[in-house]
Amino acid sequence: MVVCDRGINGRAEKGQVVKEAGGAAMILANTEINYDEDSVDVHVLPATLIGFTESVQLKKYISSTRKPRAKIIFGGTSIGKSRAPAVAQFSSRGPSFMDPSILKPDMIAPGVNIISAWPQNLGPAGIPEDSRRVNFTIMSGTSMACPHVWLALM
């Protein structure tokens with residue numbers, strides 16, 4: 001199992017590099033920039049994301065022993081504990097820093113971890129090495145907020 005810091009290259013790409021190097025799983029660690037930001041990604045091997053606070057604790061443990069050990073355990077599905085729907089940290093809220101008189105965006109909506117249709121010519125991790133094919137995957141971004149806005153206006 002390999003611990004990788006977020007940043008520089010894509011999160012799914014990091015997992016592919018770990019897999020190609022013979023890794024069995026990956027712990028993706030938020031850095032101080034991402035702090036405790038939560039994101040869901042499709043990976044090519046078992047993987048989990050931890051916040052910055054947990055990453056500091058994990059790295060302290062790794063440094064404290066000659067043979068650190070780890071395992072990823074599925075803790076089950078929690079119902080009624082979701083923070084969704086919520087607007088992502090990375091979403092604009094306005095006003096513009098460049099021109100405070102521009103109060104954009106006019107409307108915002110959640111666009112994080114949305115289940116969406118997926119093309120059959122690309123694996124769910126979105127990297128060329130992923131040969132799996134699925135009808136749906138989880139995506140985040142501004143365009144993923146559009147269905148929320150559309151439904152709210154109906």
# chains A, B, ... in the order shown; residues from 1 in each chain; ligands from 1
call {"tool": "residues_around", "arguments": {"residues": "Ser39 (chain A)", "least_positions_apart": "3", "cutoff": "9 Å", "atoms": "only C-alpha atoms", "output": "PyMOL selection string"}}
result
chain A and resi 49+112-113+140
call {"tool": "write_last_selection", "arguments": {"atoms": "N, CA and C atoms", "output": "PDB file, in the first residue's frame"}}
result
ATOM      1  N   LEU A  49      -9.247   8.254   0.426  1.00  0.00           N
ATOM      2  CA  LEU A  49      -8.749   9.620   0.586  1.00  0.00           C
ATOM      3  C   LEU A  49      -8.828   9.993   2.054  1.00  0.00           C
ATOM      4  N   VAL A 112     -20.797  18.227  -6.879  1.00  0.00           N
ATOM      5  CA  VAL A 112     -19.749  17.333  -6.390  1.00  0.00           C
ATOM      6  C   VAL A 112     -20.290  15.915  -6.217  1.00  0.00           C
ATOM      7  N   ASN A 113     -19.529  14.964  -6.714  1.00  0.00           N
ATOM      8  CA  ASN A 113     -19.855  13.540  -6.567  1.00  0.00           C
ATOM      9  C   ASN A 113     -21.237  13.206  -7.104  1.00  0.00           C
ATOM     10  N   SER A 140     -17.410  15.384 -10.665  1.00  0.00           N
ATOM     11  CA  SER A 140     -17.564  16.662  -9.976  1.00  0.00           C
ATOM     12  C   SER A 140     -17.158  17.782 -10.913  1.00  0.00           C
TER      13      SER A 140
END
call {"tool": "residues_around", "arguments": {"residues": "Phe136 (chain A)", "least_positions_apart": "3", "cutoff": "8 Å", "atoms": "only C-alpha atoms", "output": "PyMOL selection string"}}
result
chain A and resi 115-118+124
call {"tool": "residues_around", "arguments": {"residues": "Ala125 (chain A)", "least_positions_apart": "3", "cutoff": "10 Å", "atoms": "only C-alpha atoms", "output": "ChimeraX atom specification"}}
result
/A:11-13,15-16,41-44,122,128-133,137-138
call {"tool": "write_last_selection", "arguments": {"atoms": "N, CA and C atoms", "output": "short mmCIF file (atom, residue, chain, number, x, y, z; two decimals), in the first residue's frame"}}
result
data_model
loop_
_atom_site.label_atom_id
_atom_site.label_comp_id
_atom_site.auth_asym_id
_atom_site.auth_seq_id
_atom_site.Cartn_x
_atom_site.Cartn_y
_atom_site.Cartn_z
N ARG A 11 -5.51 12.54 -9.57
CA ARG A 11 -5.66 11.57 -8.48
C ARG A 11 -5.75 10.15 -9.02
N ALA A 12 -6.52 9.92 -10.08
CA ALA A 12 -6.62 8.58 -10.67
C ALA A 12 -5.30 8.17 -11.30
N GLU A 13 -4.59 9.12 -11.88
CA GLU A 13 -3.29 8.85 -12.48
C GLU A 13 -2.30 8.35 -11.42
N GLY A 15 -3.00 6.56 -8.82
CA GLY A 15 -3.32 5.16 -8.59
C GLY A 15 -2.78 4.26 -9.69
N GLN A 16 -2.83 4.72 -10.94
CA GLN A 16 -2.31 3.93 -12.05
C GLN A 16 -0.80 3.74 -11.89
N ASP A 41 -13.38 9.64 -6.22
CA ASP A 41 -12.77 9.35 -7.51
C ASP A 41 -12.89 7.87 -7.80
N VAL A 42 -12.88 7.53 -9.07
CA VAL A 42 -12.80 6.13 -9.48
C VAL A 42 -11.32 5.82 -9.66
N HIS A 43 -10.88 4.73 -9.06
CA HIS A 43 -9.47 4.34 -9.14
C HIS A 43 -9.33 2.96 -9.76
N VAL A 44 -8.14 2.64 -10.23
CA VAL A 44 -7.87 1.35 -10.86
C VAL A 44 -7.41 0.30 -9.84
N LEU A 122 -14.15 5.09 -22.84
CA LEU A 122 -13.20 5.53 -21.82
C LEU A 122 -13.52 4.84 -20.50
N PRO A 128 -6.25 6.63 -19.96
CA PRO A 128 -6.18 5.67 -21.07
C PRO A 128 -5.90 4.23 -20.63
N GLU A 129 -5.18 4.05 -19.53
CA GLU A 129 -4.82 2.70 -19.08
C GLU A 129 -5.99 1.93 -18.48
N ASP A 130 -7.08 2.58 -18.16
CA ASP A 130 -8.23 1.94 -17.53
C ASP A 130 -9.09 1.27 -18.60
N SER A 131 -9.03 -0.07 -18.69
CA SER A 131 -9.75 -0.81 -19.73
C SER A 131 -11.17 -1.19 -19.33
N ARG A 132 -11.58 -0.88 -18.10
CA ARG A 132 -12.94 -1.20 -17.67
C ARG A 132 -13.94 -0.33 -18.43
N ARG A 133 -15.18 -0.82 -18.56
CA ARG A 133 -16.24 -0.04 -19.20
C ARG A 133 -17.47 -0.06 -18.31
N THR A 137 -20.62 6.81 -13.85
CA THR A 137 -19.51 7.04 -12.94
C THR A 137 -19.83 8.27 -12.10
N ILE A 138 -18.94 8.62 -11.20
CA ILE A 138 -19.13 9.77 -10.33
C ILE A 138 -18.24 10.90 -10.83
#
call {"tool": "atom_distance", "arguments": {"atom1": "CA of Ile73 (chain A)", "atom2": "CA of Cys4 (chain A)"}}
result
18.3 Å
call {"tool": "select_by_dssp", "arguments": {"residues": "chain A", "states": "strand (DSSP E)", "output": "ChimeraX atom specification"}}
result
/A:2-5,26-29,47-50,114-117,136-139
call {"tool": "write_last_selection", "arguments": {"atoms": "all heavy atoms", "output": "tab-separated table (two decimals), in the first residue's frame"}}
result
chain	number	residue	atom	x	y	z
A	2	VAL	N	0.55	2.19	-0.84
A	2	VAL	CA	1.38	3.39	-1.00
A	2	VAL	C	0.58	4.62	-0.57
A	2	VAL	O	-0.59	4.74	-0.89
A	2	VAL	CB	1.83	3.54	-2.48
A	2	VAL	CG1	2.62	4.82	-2.68
A	2	VAL	CG2	2.62	2.33	-2.92
A	3	VAL	N	1.24	5.52	0.15
A	3	VAL	CA	0.64	6.80	0.53
A	3	VAL	C	1.11	7.84	-0.48
A	3	VAL	O	2.31	8.01	-0.68
A	3	VAL	CB	1.05	7.22	1.96
A	3	VAL	CG1	0.46	8.59	2.30
A	3	VAL	CG2	0.62	6.17	2.97
A	4	CYS	N	0.17	8.52	-1.12
A	4	CYS	CA	0.49	9.56	-2.11
A	4	CYS	C	-0.14	10.87	-1.69
A	4	CYS	O	-1.31	10.91	-1.32
A	4	CYS	CB	-0.08	9.19	-3.48
A	4	CYS	SG	0.63	7.72	-4.23
A	5	ASP	N	0.63	11.94	-1.77
A	5	ASP	CA	0.08	13.28	-1.53
A	5	ASP	C	-0.67	13.74	-2.76
A	5	ASP	O	-0.27	13.45	-3.89
A	5	ASP	CB	1.19	14.29	-1.22
A	5	ASP	CG	1.71	14.17	0.19
A	5	ASP	OD1	1.03	13.58	1.04
A	5	ASP	OD2	2.81	14.69	0.45
A	26	MET	N	-3.82	2.21	-2.45
A	26	MET	CA	-3.27	3.55	-2.29
A	26	MET	C	-4.08	4.32	-1.25
A	26	MET	O	-5.30	4.23	-1.20
A	26	MET	CB	-3.32	4.30	-3.63
A	26	MET	CG	-2.90	5.74	-3.55
A	26	MET	SD	-2.94	6.61	-5.14
A	26	MET	CE	-4.69	6.75	-5.44
A	27	ILE	N	-3.36	5.10	-0.45
A	27	ILE	CA	-3.99	6.08	0.43
A	27	ILE	C	-3.61	7.44	-0.14
A	27	ILE	O	-2.43	7.78	-0.23
A	27	ILE	CB	-3.50	5.95	1.88
A	27	ILE	CG1	-3.89	4.59	2.45
A	27	ILE	CG2	-4.09	7.08	2.73
A	27	ILE	CD1	-3.32	4.31	3.82
A	28	LEU	N	-4.62	8.18	-0.58
A	28	LEU	CA	-4.40	9.50	-1.14
A	28	LEU	C	-4.53	10.51	-0.01
A	28	LEU	O	-5.57	10.57	0.64
A	28	LEU	CB	-5.43	9.77	-2.24
A	28	LEU	CG	-5.22	10.94	-3.15
A	28	LEU	CD1	-3.85	10.87	-3.84
A	28	LEU	CD2	-6.32	10.99	-4.20
A	29	ALA	N	-3.47	11.25	0.27
A	29	ALA	CA	-3.43	12.14	1.42
A	29	ALA	C	-3.57	13.60	0.99
A	29	ALA	O	-2.81	14.08	0.16
A	29	ALA	CB	-2.11	11.95	2.17
A	47	ALA	N	-8.50	2.21	-3.12
A	47	ALA	CA	-7.92	3.47	-2.69
A	47	ALA	C	-8.88	4.20	-1.75
A	47	ALA	O	-10.09	3.97	-1.79
A	47	ALA	CB	-7.62	4.36	-3.90
A	48	THR	N	-8.31	5.05	-0.92
A	48	THR	CA	-9.12	5.88	-0.04
A	48	THR	C	-8.45	7.25	0.06
A	48	THR	O	-7.25	7.38	-0.20
A	48	THR	CB	-9.30	5.24	1.36
A	48	THR	OG1	-10.28	5.97	2.08
A	48	THR	CG2	-8.00	5.20	2.14
A	49	LEU	N	-9.25	8.25	0.43
A	49	LEU	CA	-8.75	9.62	0.59
A	49	LEU	C	-8.83	9.99	2.05
A	49	LEU	O	-9.83	9.72	2.72
A	49	LEU	CB	-9.60	10.59	-0.24
A	49	LEU	CG	-9.33	12.08	-0.03
A	49	LEU	CD1	-7.99	12.48	-0.64
A	49	LEU	CD2	-10.45	12.92	-0.64
A	50	ILE	N	-7.76	10.60	2.57
A	50	ILE	CA	-7.78	11.08	3.95
A	50	ILE	C	-7.49	12.58	3.97
A	50	ILE	O	-6.85	13.11	3.08
A	50	ILE	CB	-6.76	10.33	4.85
A	50	ILE	CG1	-5.33	10.50	4.34
A	50	ILE	CG2	-7.14	8.86	4.97
A	50	ILE	CD1	-4.27	9.91	5.26
A	114	ILE	N	-21.50	13.63	-8.33
A	114	ILE	CA	-22.77	13.40	-9.00
A	114	ILE	C	-22.65	12.15	-9.87
A	114	ILE	O	-21.72	12.02	-10.66
A	114	ILE	CB	-23.17	14.62	-9.88
A	114	ILE	CG1	-23.13	15.91	-9.08
A	114	ILE	CG2	-24.51	14.38	-10.55
A	114	ILE	CD1	-24.11	16.00	-7.94
A	115	ILE	N	-23.60	11.22	-9.73
A	115	ILE	CA	-23.61	10.03	-10.59
A	115	ILE	C	-24.07	10.48	-11.97
A	115	ILE	O	-25.11	11.13	-12.11
A	115	ILE	CB	-24.54	8.95	-10.02
A	115	ILE	CG1	-24.00	8.47	-8.67
A	115	ILE	CG2	-24.67	7.78	-11.00
A	115	ILE	CD1	-24.89	7.51	-7.95
A	116	SER	N	-23.28	10.12	-12.99
A	116	SER	CA	-23.59	10.60	-14.33
A	116	SER	C	-23.31	9.51	-15.37
A	116	SER	O	-22.56	8.58	-15.12
A	116	SER	CB	-22.75	11.83	-14.63
A	116	SER	OG	-21.38	11.50	-14.55
A	117	ALA	N	-23.94	9.67	-16.53
A	117	ALA	CA	-23.69	8.76	-17.64
A	117	ALA	C	-22.24	8.89	-18.08
A	117	ALA	O	-21.61	9.93	-17.89
A	117	ALA	CB	-24.62	9.10	-18.80
A	136	PHE	N	-22.14	4.30	-15.97
A	136	PHE	CA	-22.21	5.47	-15.10
A	136	PHE	C	-20.93	5.59	-14.27
A	136	PHE	O	-20.27	4.60	-14.00
A	136	PHE	CB	-23.41	5.36	-14.14
A	136	PHE	CG	-24.73	5.29	-14.85
A	136	PHE	CD1	-25.30	4.08	-15.17
A	136	PHE	CD2	-25.39	6.46	-15.20
A	136	PHE	CE1	-26.51	4.02	-15.85
A	136	PHE	CE2	-26.60	6.41	-15.86
A	136	PHE	CZ	-27.16	5.18	-16.19
A	137	THR	N	-20.62	6.81	-13.85
A	137	THR	CA	-19.51	7.04	-12.94
A	137	THR	C	-19.83	8.27	-12.10
A	137	THR	O	-20.87	8.89	-12.27
A	137	THR	CB	-18.17	7.18	-13.69
A	137	THR	OG1	-17.10	7.08	-12.75
A	137	THR	CG2	-18.07	8.49	-14.43
A	138	ILE	N	-18.94	8.62	-11.20
A	138	ILE	CA	-19.13	9.77	-10.33
A	138	ILE	C	-18.24	10.90	-10.83
A	138	ILE	O	-17.05	10.69	-11.08
A	138	ILE	CB	-18.79	9.41	-8.87
A	138	ILE	CG1	-19.76	8.36	-8.37
A	138	ILE	CG2	-18.81	10.64	-7.99
A	138	ILE	CD1	-19.44	7.81	-7.02
A	139	MET	N	-18.83	12.08	-10.98
A	139	MET	CA	-18.09	13.22	-11.49
A	139	MET	C	-18.35	14.45	-10.63
A	139	MET	O	-19.38	14.54	-9.97
A	139	MET	CB	-18.49	13.53	-12.93
A	139	MET	CG	-18.16	12.43	-13.91
A	139	MET	SD	-18.56	12.91	-15.59
A	139	MET	CE	-17.31	14.15	-15.88
call {"tool": "atom_distance", "arguments": {"atom1": "CA of Phe74 (chain A)", "atom2": "CA of Met1 (chain A)"}}
result
15.8 Å
call {"tool": "atom_distance", "arguments": {"atom1": "CA of Ala109 (chain A)", "atom2": "CA of Gly7 (chain A)"}}
result
25.5 Å
call {"tool": "select_by_dssp", "arguments": {"residues": "region 7-145 of chain A", "states": "alpha helix (DSSP H)", "output": "list in words"}}
result
Arg11, Ala12, Glu13, Lys14, Gly15, Gln16, Val17, Val18, Lys19, Glu20, Phe52, Thr53, Glu54, Ser55, Val56, Gln57, Leu58, Lys59, Lys60, Tyr61, Ile62, Ser63, Ser64, Thr142, Ser143, Met144 and Ala145 of chain A
call {"tool": "closest_residue", "arguments": {"among": "A:Lys19, A:Lys14, A:Arg6, A:Lys60", "to": "Tyr35 (chain A)", "atoms": "only C-alpha atoms"}}
result
A:Arg6
call {"tool": "decode", "arguments": {"residues": "region 29-41 of chain A", "atoms": "N, CA, C and O atoms", "output": "PDB file, in the first residue's frame"}}
result
ATOM      1  N   ALA A  29      -3.473  11.249   0.266  1.00  0.00           N
ATOM      2  CA  ALA A  29      -3.425  12.143   1.421  1.00  0.00           C
ATOM      3  C   ALA A  29      -3.572  13.601   0.989  1.00  0.00           C
ATOM      4  O   ALA A  29      -2.806  14.081   0.157  1.00  0.00           O
ATOM      5  N   ASN A  30      -4.556  14.270   1.565  1.00  0.00           N
ATOM      6  CA  ASN A  30      -4.699  15.705   1.318  1.00  0.00           C
ATOM      7  C   ASN A  30      -3.489  16.429   1.878  1.00  0.00           C
ATOM      8  O   ASN A  30      -2.938  16.049   2.911  1.00  0.00           O
ATOM      9  N   THR A  31      -3.095  17.487   1.187  1.00  0.00           N
ATOM     10  CA  THR A  31      -2.008  18.335   1.661  1.00  0.00           C
ATOM     11  C   THR A  31      -2.627  19.539   2.368  1.00  0.00           C
ATOM     12  O   THR A  31      -3.848  19.662   2.467  1.00  0.00           O
ATOM     13  N   GLU A  32      -1.784  20.436   2.831  1.00  0.00           N
ATOM     14  CA  GLU A  32      -2.277  21.625   3.521  1.00  0.00           C
ATOM     15  C   GLU A  32      -3.174  22.468   2.613  1.00  0.00           C
ATOM     16  O   GLU A  32      -4.121  23.093   3.071  1.00  0.00           O
ATOM     17  N   ILE A  33      -2.903  22.427   1.307  1.00  0.00           N
ATOM     18  CA  ILE A  33      -3.713  23.185   0.341  1.00  0.00           C
ATOM     19  C   ILE A  33      -5.144  22.646   0.297  1.00  0.00           C
ATOM     20  O   ILE A  33      -6.106  23.400   0.270  1.00  0.00           O
ATOM     21  N   ASN A  34      -5.290  21.314   0.275  1.00  0.00           N
ATOM     22  CA  ASN A  34      -6.615  20.691   0.179  1.00  0.00           C
ATOM     23  C   ASN A  34      -7.285  20.526   1.534  1.00  0.00           C
ATOM     24  O   ASN A  34      -8.479  20.260   1.604  1.00  0.00           O
ATOM     25  N   TYR A  35      -6.528  20.617   2.578  1.00  0.00           N
ATOM     26  CA  TYR A  35      -6.943  20.435   3.965  1.00  0.00           C
ATOM     27  C   TYR A  35      -7.850  19.213   4.122  1.00  0.00           C
ATOM     28  O   TYR A  35      -7.388  18.109   3.953  1.00  0.00           O
ATOM     29  N   ASP A  36      -9.112  19.385   4.453  1.00  0.00           N
ATOM     30  CA  ASP A  36      -9.996  18.234   4.642  1.00  0.00           C
ATOM     31  C   ASP A  36     -11.028  18.113   3.532  1.00  0.00           C
ATOM     32  O   ASP A  36     -12.079  17.505   3.706  1.00  0.00           O
ATOM     33  N   GLU A  37     -10.716  18.694   2.362  1.00  0.00           N
ATOM     34  CA  GLU A  37     -11.613  18.605   1.211  1.00  0.00           C
ATOM     35  C   GLU A  37     -11.859  17.141   0.880  1.00  0.00           C
ATOM     36  O   GLU A  37     -10.960  16.318   0.897  1.00  0.00           O
ATOM     37  N   ASP A  38     -13.085  16.840   0.588  1.00  0.00           N
ATOM     38  CA  ASP A  38     -13.491  15.471   0.298  1.00  0.00           C
ATOM     39  C   ASP A  38     -13.809  15.349  -1.182  1.00  0.00           C
ATOM     40  O   ASP A  38     -14.496  16.191  -1.736  1.00  0.00           O
ATOM     41  N   SER A  39     -13.291  14.339  -1.833  1.00  0.00           N
ATOM     42  CA  SER A  39     -13.645  14.099  -3.231  1.00  0.00           C
ATOM     43  C   SER A  39     -13.745  12.593  -3.456  1.00  0.00           C
ATOM     44  O   SER A  39     -13.056  11.821  -2.814  1.00  0.00           O
ATOM     45  N   VAL A  40     -14.622  12.229  -4.350  1.00  0.00           N
ATOM     46  CA  VAL A  40     -14.803  10.820  -4.692  1.00  0.00           C
ATOM     47  C   VAL A  40     -14.235  10.620  -6.082  1.00  0.00           C
ATOM     48  O   VAL A  40     -14.572  11.357  -7.003  1.00  0.00           O
ATOM     49  N   ASP A  41     -13.377   9.644  -6.222  1.00  0.00           N
ATOM     50  CA  ASP A  41     -12.771   9.351  -7.507  1.00  0.00           C
ATOM     51  C   ASP A  41     -12.894   7.866  -7.798  1.00  0.00           C
ATOM     52  O   ASP A  41     -12.969   7.043  -6.881  1.00  0.00           O
TER      53      ASP A  41
END
